$ cat query.cif   # mmCIF, C-alpha atoms
data_target
#
loop_
_atom_site.label_atom_id
_atom_site.label_comp_id
_atom_site.auth_asym_id
_atom_site.auth_seq_id
_atom_site.Cartn_x
_atom_site.Cartn_y
_atom_site.Cartn_z
CA MET A 16 17.25 -9.51 -9.93
CA LYS A 17 14.89 -6.99 -8.27
CA LYS A 18 11.93 -8.75 -9.86
CA ILE A 19 13.05 -12.13 -8.53
CA LYS A 20 13.60 -10.77 -5.00
CA PHE A 21 10.17 -9.14 -4.99
CA PHE A 22 8.44 -12.24 -6.30
CA VAL A 23 10.16 -14.42 -3.69
CA PHE A 24 9.16 -11.95 -0.93
CA LEU A 25 5.50 -11.94 -2.03
CA CYS A 26 5.37 -15.74 -2.41
CA CYS A 27 6.89 -16.21 1.05
CA PHE A 28 4.46 -13.69 2.54
CA ILE A 29 1.41 -15.30 0.93
CA THR A 30 2.62 -18.80 1.86
CA GLN A 31 3.12 -17.71 5.45
CA LEU A 32 -0.38 -16.22 5.50
CA ASN A 33 -1.89 -19.41 4.19
CA HIS A 34 -0.11 -21.55 6.80
CA ALA A 35 -0.22 -19.15 9.73
CA GLN A 36 -2.20 -19.79 12.86
CA ALA A 37 -4.08 -16.74 14.16
CA PHE A 38 -1.23 -14.32 14.76
CA PHE A 39 -3.44 -11.46 15.97
CA GLN A 40 -6.34 -12.30 18.27
CA THR A 41 -8.51 -9.32 17.22
CA THR A 42 -8.63 -6.47 14.75
CA GLU A 43 -8.02 -4.06 17.64
CA GLU A 44 -4.84 -5.88 18.61
CA TYR A 45 -3.69 -5.80 14.99
CA LEU A 46 -4.41 -2.08 14.67
CA ASP A 47 -2.65 -1.25 17.95
CA ILE A 48 0.50 -3.12 16.92
CA THR A 49 0.45 -1.77 13.36
CA VAL A 50 -0.01 1.86 14.43
CA LYS A 51 2.80 1.55 16.96
CA LYS A 52 5.13 -0.02 14.37
CA THR A 53 4.31 2.28 11.42
CA GLN A 54 2.80 5.51 12.78
CA PHE A 55 -0.13 5.07 10.37
CA ASP A 56 -3.41 6.66 11.42
CA ARG A 57 -5.56 3.67 12.42
CA SER A 58 -8.59 5.10 10.58
CA LYS A 59 -6.66 4.92 7.30
CA ILE A 60 -5.85 1.18 7.56
CA LEU A 61 -8.20 -0.94 5.45
CA ILE A 62 -8.45 -4.53 6.61
CA GLU A 63 -10.03 -6.70 3.93
CA ASP A 64 -9.02 -9.98 2.37
CA PHE A 65 -7.18 -8.21 -0.45
CA ILE A 66 -5.02 -11.25 -1.23
CA ASN A 67 -8.08 -13.27 -2.19
CA ILE A 68 -9.87 -10.48 -4.07
CA ASP A 69 -9.80 -11.25 -7.76
CA GLY A 70 -6.96 -9.46 -9.52
CA PHE A 71 -5.15 -7.91 -6.53
CA ALA A 72 -2.33 -10.46 -6.14
CA ASP A 73 -1.83 -10.58 -9.92
CA ASP A 74 -1.64 -6.78 -10.07
CA VAL A 75 0.88 -6.61 -7.22
CA VAL A 76 3.09 -9.41 -8.59
CA ASN A 77 2.89 -8.44 -12.27
CA ASN A 78 3.68 -4.80 -11.50
CA HIS A 79 6.36 -5.59 -8.89
CA LEU A 80 4.63 -3.49 -6.24
CA PHE A 81 6.02 -3.65 -2.71
CA THR A 82 5.01 -0.83 -0.37
CA PHE A 83 3.38 1.64 -2.78
CA TYR A 84 0.39 0.78 -4.93
CA GLY A 85 -0.02 4.23 -6.39
CA ILE A 86 -1.93 7.48 -6.00
CA ALA A 87 -5.68 7.98 -6.36
CA TYR A 88 -6.69 11.36 -7.78
CA ASN A 89 -9.61 12.57 -9.89
CA ASP A 90 -11.13 9.06 -10.14
CA GLU A 91 -7.87 7.63 -11.47
CA ILE A 92 -4.98 5.57 -10.12
CA PHE A 93 -1.48 6.67 -10.97
CA SER A 94 0.36 3.38 -10.52
CA ALA A 95 3.74 2.94 -8.86
CA ALA A 96 4.32 0.27 -11.53
CA GLN A 97 5.47 2.96 -13.94
CA MET A 98 8.55 3.63 -11.82
CA GLU A 99 11.82 1.85 -12.54
CA ASN A 100 11.86 0.65 -8.92
CA PRO A 101 8.29 0.62 -7.49
CA SER A 102 9.59 0.48 -3.91
CA CYS A 103 11.94 3.48 -4.19
CA TRP A 104 10.61 6.33 -2.07
CA GLY A 105 12.59 8.88 -4.11
CA GLN A 106 10.95 7.78 -7.33
CA PHE A 107 7.57 7.66 -5.59
CA ARG A 108 8.13 11.20 -4.31
CA ASP A 109 8.82 12.24 -7.92
CA LEU A 110 5.55 10.57 -8.98
CA CYS A 111 3.73 12.59 -6.29
CA GLN A 112 5.34 15.79 -7.56
CA SER A 113 4.53 15.05 -11.20
CA ILE A 114 0.86 14.58 -10.29
CA ASN A 115 1.02 17.74 -8.18
CA VAL A 116 2.06 19.83 -11.20
CA GLY A 117 -0.42 18.12 -13.54
CA ASP A 118 2.05 16.13 -15.63
CA SER A 119 -0.13 14.51 -18.29
CA ASN A 120 2.58 11.95 -19.13
CA VAL A 121 1.84 9.95 -16.00
CA ASN A 122 0.41 6.45 -16.62
CA ASN A 123 -3.03 5.95 -15.03
CA ARG A 124 -6.18 3.77 -14.84
CA LYS A 125 -9.77 4.50 -13.82
CA ILE A 126 -10.56 3.51 -10.22
CA ILE A 127 -13.90 2.09 -11.30
CA ASP A 128 -12.02 -0.44 -13.48
CA ILE A 129 -10.20 -1.93 -10.46
CA SER A 130 -12.54 -4.21 -8.54
CA TYR A 131 -10.71 -4.08 -5.20
CA LEU A 132 -10.49 -0.25 -5.19
CA ARG A 133 -13.82 0.86 -6.62
CA ASN A 134 -15.65 0.71 -3.27
CA ILE A 135 -13.03 2.68 -1.34
CA HIS A 136 -13.95 6.30 -0.68
CA PHE A 137 -11.19 8.59 -1.94
CA ASP A 138 -11.30 12.33 -1.21
CA LYS A 139 -11.61 13.84 -4.70
CA ASP A 140 -9.90 17.03 -3.54
CA LYS A 141 -6.75 15.21 -2.46
CA LYS A 142 -4.13 12.99 -3.98
CA THR A 143 -4.38 9.78 -1.95
CA VAL A 144 -1.25 7.66 -1.65
CA ILE A 145 -2.12 3.97 -1.44
CA PHE A 146 0.31 1.97 0.67
CA ILE A 147 0.51 -1.83 0.67
CA TYR A 148 1.37 -3.13 4.12
CA GLY A 149 1.99 -6.51 5.70
CA SER A 150 3.00 -7.06 9.33
CA ASP A 151 6.08 -9.01 8.20
CA LEU A 152 7.57 -5.80 6.83
CA THR A 153 10.67 -5.10 8.89
CA LYS A 154 11.31 -1.90 10.83
CA ARG A 155 14.18 -1.23 8.43
CA ASN A 156 11.86 -1.46 5.40
CA ILE A 157 9.26 0.72 7.12
CA LYS A 158 11.91 3.33 7.89
CA LYS A 159 13.36 3.13 4.37
CA HIS A 160 10.16 2.94 2.28
CA ILE A 161 7.13 4.12 4.25
CA THR A 162 8.32 6.75 6.74
CA PRO A 163 9.82 9.20 4.19
CA ILE A 164 6.64 9.24 2.09
CA LEU A 165 4.41 9.44 5.17
CA GLU A 166 6.42 12.46 6.37
CA GLN A 167 6.07 14.15 2.96
CA ILE A 168 2.32 13.48 2.88
CA GLN A 169 1.85 14.98 6.34
CA LYS A 170 3.60 18.19 5.22
CA ASP A 171 1.41 18.67 2.14
CA PRO A 172 -2.34 19.23 2.76
CA SER A 173 -3.15 18.34 -0.85
CA PHE A 174 -2.21 14.70 -0.06
CA ASP A 175 -3.80 11.98 2.03
CA TYR A 176 -3.18 8.23 2.30
CA ILE A 177 -4.78 4.87 2.90
CA VAL A 178 -3.22 1.52 3.73
CA LEU A 179 -4.23 -1.76 2.12
CA SER A 180 -3.43 -4.33 4.80
CA LEU A 181 -2.39 -7.78 3.63
CA ASP A 182 -2.86 -9.24 7.11
CA TYR A 183 -6.57 -10.12 7.05
CA PRO A 184 -5.88 -13.91 7.18
CA MET A 185 -3.68 -13.44 10.24
CA ILE A 186 -6.41 -11.85 12.39
CA LYS A 187 -8.53 -14.36 14.31
CA LYS A 188 -11.57 -12.17 15.07
CA HIS A 189 -12.65 -9.34 12.79
#
$ encode --input "query.cif" --output "structure tokens"
Amino acid sequence: MKKIKFFVFLCCFITQLNHAQAFFQTTEEYLDITVKKTQFDRSKILIEDFINIDGFADDVVNNHLFTFYGIAYNDEIFSAAQMENPSCWGQFRDLCQSINVGDSNVNNRKIIDISYLRNIHFDKDKKTVIFIYGSDLTKRNIKKHITPILEQIQKDPSFDYIVLSLDYPMIKKH
């Protein structure tokens, strides 16, 4: 049932993006609204056409990813897909902790093997949480899924984060 709900959410989001008129007039407007809504650092929000980058949508749908993509560390991605519920902040926190203690049982992939991540600069000295964010995410979902992890990241200097924005098609001027 969780898989069906996630798939329906993603299909609705992508359909809305494809049929949406310009919802945000400029990138600045988008960033202002997003930072106010999420408390993300605006410099950590990446605005690219991720939905149309080869492999991204397939990866998100096939791995049932919702708000967490995974963690970049030592040139590898530790995917949230390995969790029973990839949107559960408690399970994601456990993934962060298992990487923190060097758990070698964690499932991972090389960043260079993922076309839409290979050109992103990740701090090699930090574990970088990769959020997936779309402006249609409700305040309730932000509070439930994003805020707890963001608060944990801000307490631990060995962690950083970036945000992959899904809203590129909704911004009129980039």
$ resolve_selection --input "query.cif" --expression "the PyMOL selection byres ((chain A and resi 129) around 12)" --output "JSON, numbers by chain"
{"A": [68, 69, 70, 71, 74, 87, 90, 91, 92, 94, 123, 124, 125, 126, 127, 128, 130, 131, 132, 133, 134, 135]}
$ write_last_selection --input "query.cif" --atoms "C-alpha atoms" --output "PDB file, keeping the file's coordinate frame"
ATOM      1  CA  ILE A  68      -9.870 -10.480  -4.070  1.00  0.00           C
ATOM      2  CA  ASP A  69      -9.800 -11.250  -7.760  1.00  0.00           C
ATOM      3  CA  GLY A  70      -6.960  -9.460  -9.520  1.00  0.00           C
ATOM      4  CA  PHE A  71      -5.150  -7.910  -6.530  1.00  0.00           C
ATOM      5  CA  ASP A  74      -1.640  -6.780 -10.070  1.00  0.00           C
ATOM      6  CA  ALA A  87      -5.680   7.980  -6.360  1.00  0.00           C
ATOM      7  CA  ASP A  90     -11.130   9.060 -10.140  1.00  0.00           C
ATOM      8  CA  GLU A  91      -7.870   7.630 -11.470  1.00  0.00           C
ATOM      9  CA  ILE A  92      -4.980   5.570 -10.120  1.00  0.00           C
ATOM     10  CA  SER A  94       0.360   3.380 -10.520  1.00  0.00           C
ATOM     11  CA  ASN A 123      -3.030   5.950 -15.030  1.00  0.00           C
ATOM     12  CA  ARG A 124      -6.180   3.770 -14.840  1.00  0.00           C
ATOM     13  CA  LYS A 125      -9.770   4.500 -13.820  1.00  0.00           C
ATOM     14  CA  ILE A 126     -10.560   3.510 -10.220  1.00  0.00           C
ATOM     15  CA  ILE A 127     -13.900   2.090 -11.300  1.00  0.00           C
ATOM     16  CA  ASP A 128     -12.020  -0.440 -13.480  1.00  0.00           C
ATOM     17  CA  SER A 130     -12.540  -4.210  -8.540  1.00  0.00           C
ATOM     18  CA  TYR A 131     -10.710  -4.080  -5.200  1.00  0.00           C
ATOM     19  CA  LEU A 132     -10.490  -0.250  -5.190  1.00  0.00           C
ATOM     20  CA  ARG A 133     -13.820   0.860  -6.620  1.00  0.00           C
ATOM     21  CA  ASN A 134     -15.650   0.710  -3.270  1.00  0.00           C
ATOM     22  CA  ILE A 135     -13.030   2.680  -1.340  1.00  0.00           C
TER      23      ILE A 135
END
$ atom_distance --input "query.cif" --atom1 "atom CA of A:Lys141" --atom2 "atom CA of A:Phe65"
23.5 Å
$ resolve_selection --input "query.cif" --expression "the PyMOL selection byres ((chain A and resi 55-64) around 8)" --output "list in words"
Leu46, Asp47, Thr49, Val50, Thr53, Gln54, Phe65, Ile66, Asn67, Ile68, Tyr176, Ile177, Val178, Leu179, Ser180, Leu181, Asp182, Tyr183 and Pro184 of chain A
$ write_last_selection --input "query.cif" --atoms "C-alpha atoms" --output "CSV table (one decimal), in the coordinates of the input"
chain,number,residue,atom,x,y,z
A,46,LEU,CA,-4.4,-2.1,14.7
A,47,ASP,CA,-2.6,-1.2,18.0
A,49,THR,CA,0.4,-1.8,13.4
A,50,VAL,CA,0.0,1.9,14.4
A,53,THR,CA,4.3,2.3,11.4
A,54,GLN,CA,2.8,5.5,12.8
A,65,PHE,CA,-7.2,-8.2,-0.4
A,66,ILE,CA,-5.0,-11.2,-1.2
A,67,ASN,CA,-8.1,-13.3,-2.2
A,68,ILE,CA,-9.9,-10.5,-4.1
A,176,TYR,CA,-3.2,8.2,2.3
A,177,ILE,CA,-4.8,4.9,2.9
A,178,VAL,CA,-3.2,1.5,3.7
A,179,LEU,CA,-4.2,-1.8,2.1
A,180,SER,CA,-3.4,-4.3,4.8
A,181,LEU,CA,-2.4,-7.8,3.6
A,182,ASP,CA,-2.9,-9.2,7.1
A,183,TYR,CA,-6.6,-10.1,7.0
A,184,PRO,CA,-5.9,-13.9,7.2
$ atom_distance --input "query.cif" --atom1 "atom CA of A:Asn89" --atom2 "atom CA of A:Pro172"
16.0 Å
$ atom_distance --input "query.cif" --atom1 "atom CA of A:Phe38" --atom2 "atom CA of A:Ile157"
19.9 Å
$ residues_around --input "query.cif" --residues "A:Thr143" --least-positions-apart "6" --cutoff "9 Å" --atoms "all atoms listed in the file" --output "ChimeraX atom specification"
/A:85-88,137,173-177
$ residues_around --input "query.cif" --residues "A:His189" --least-positions-apart "2" --cutoff "8 Å" --atoms "all atoms listed in the file" --output "count of residues only"
4
$ closest_residue --input "query.cif" --among "A:Ala72, A:Lys142, A:Tyr45, A:Tyr84" --to "A:Gln112" --atoms "only C-alpha atoms"
A:Lys142
$ resolve_selection --input "query.cif" --expression "the PyMOL selection byres ((chain A and resi 75) around 10)" --output "PDB file with C-alpha atoms, in the frame of the given file"
ATOM      1  CA  PHE A  21      10.170  -9.140  -4.990  1.00  0.00           C
ATOM      2  CA  PHE A  22       8.440 -12.240  -6.300  1.00  0.00           C
ATOM      3  CA  LEU A  25       5.500 -11.940  -2.030  1.00  0.00           C
ATOM      4  CA  ILE A  66      -5.020 -11.250  -1.230  1.00  0.00           C
ATOM      5  CA  GLY A  70      -6.960  -9.460  -9.520  1.00  0.00           C
ATOM      6  CA  PHE A  71      -5.150  -7.910  -6.530  1.00  0.00           C
ATOM      7  CA  ALA A  72      -2.330 -10.460  -6.140  1.00  0.00           C
ATOM      8  CA  ASP A  73      -1.830 -10.580  -9.920  1.00  0.00           C
ATOM      9  CA  ASP A  74      -1.640  -6.780 -10.070  1.00  0.00           C
ATOM     10  CA  VAL A  76       3.090  -9.410  -8.590  1.00  0.00           C
ATOM     11  CA  ASN A  77       2.890  -8.440 -12.270  1.00  0.00           C
ATOM     12  CA  ASN A  78       3.680  -4.800 -11.500  1.00  0.00           C
ATOM     13  CA  HIS A  79       6.360  -5.590  -8.890  1.00  0.00           C
ATOM     14  CA  LEU A  80       4.630  -3.490  -6.240  1.00  0.00           C
ATOM     15  CA  PHE A  81       6.020  -3.650  -2.710  1.00  0.00           C
ATOM     16  CA  THR A  82       5.010  -0.830  -0.370  1.00  0.00           C
ATOM     17  CA  PHE A  83       3.380   1.640  -2.780  1.00  0.00           C
ATOM     18  CA  TYR A  84       0.390   0.780  -4.930  1.00  0.00           C
ATOM     19  CA  ALA A  96       4.320   0.270 -11.530  1.00  0.00           C
ATOM     20  CA  ILE A 147       0.510  -1.830   0.670  1.00  0.00           C
TER      21      ILE A 147
END
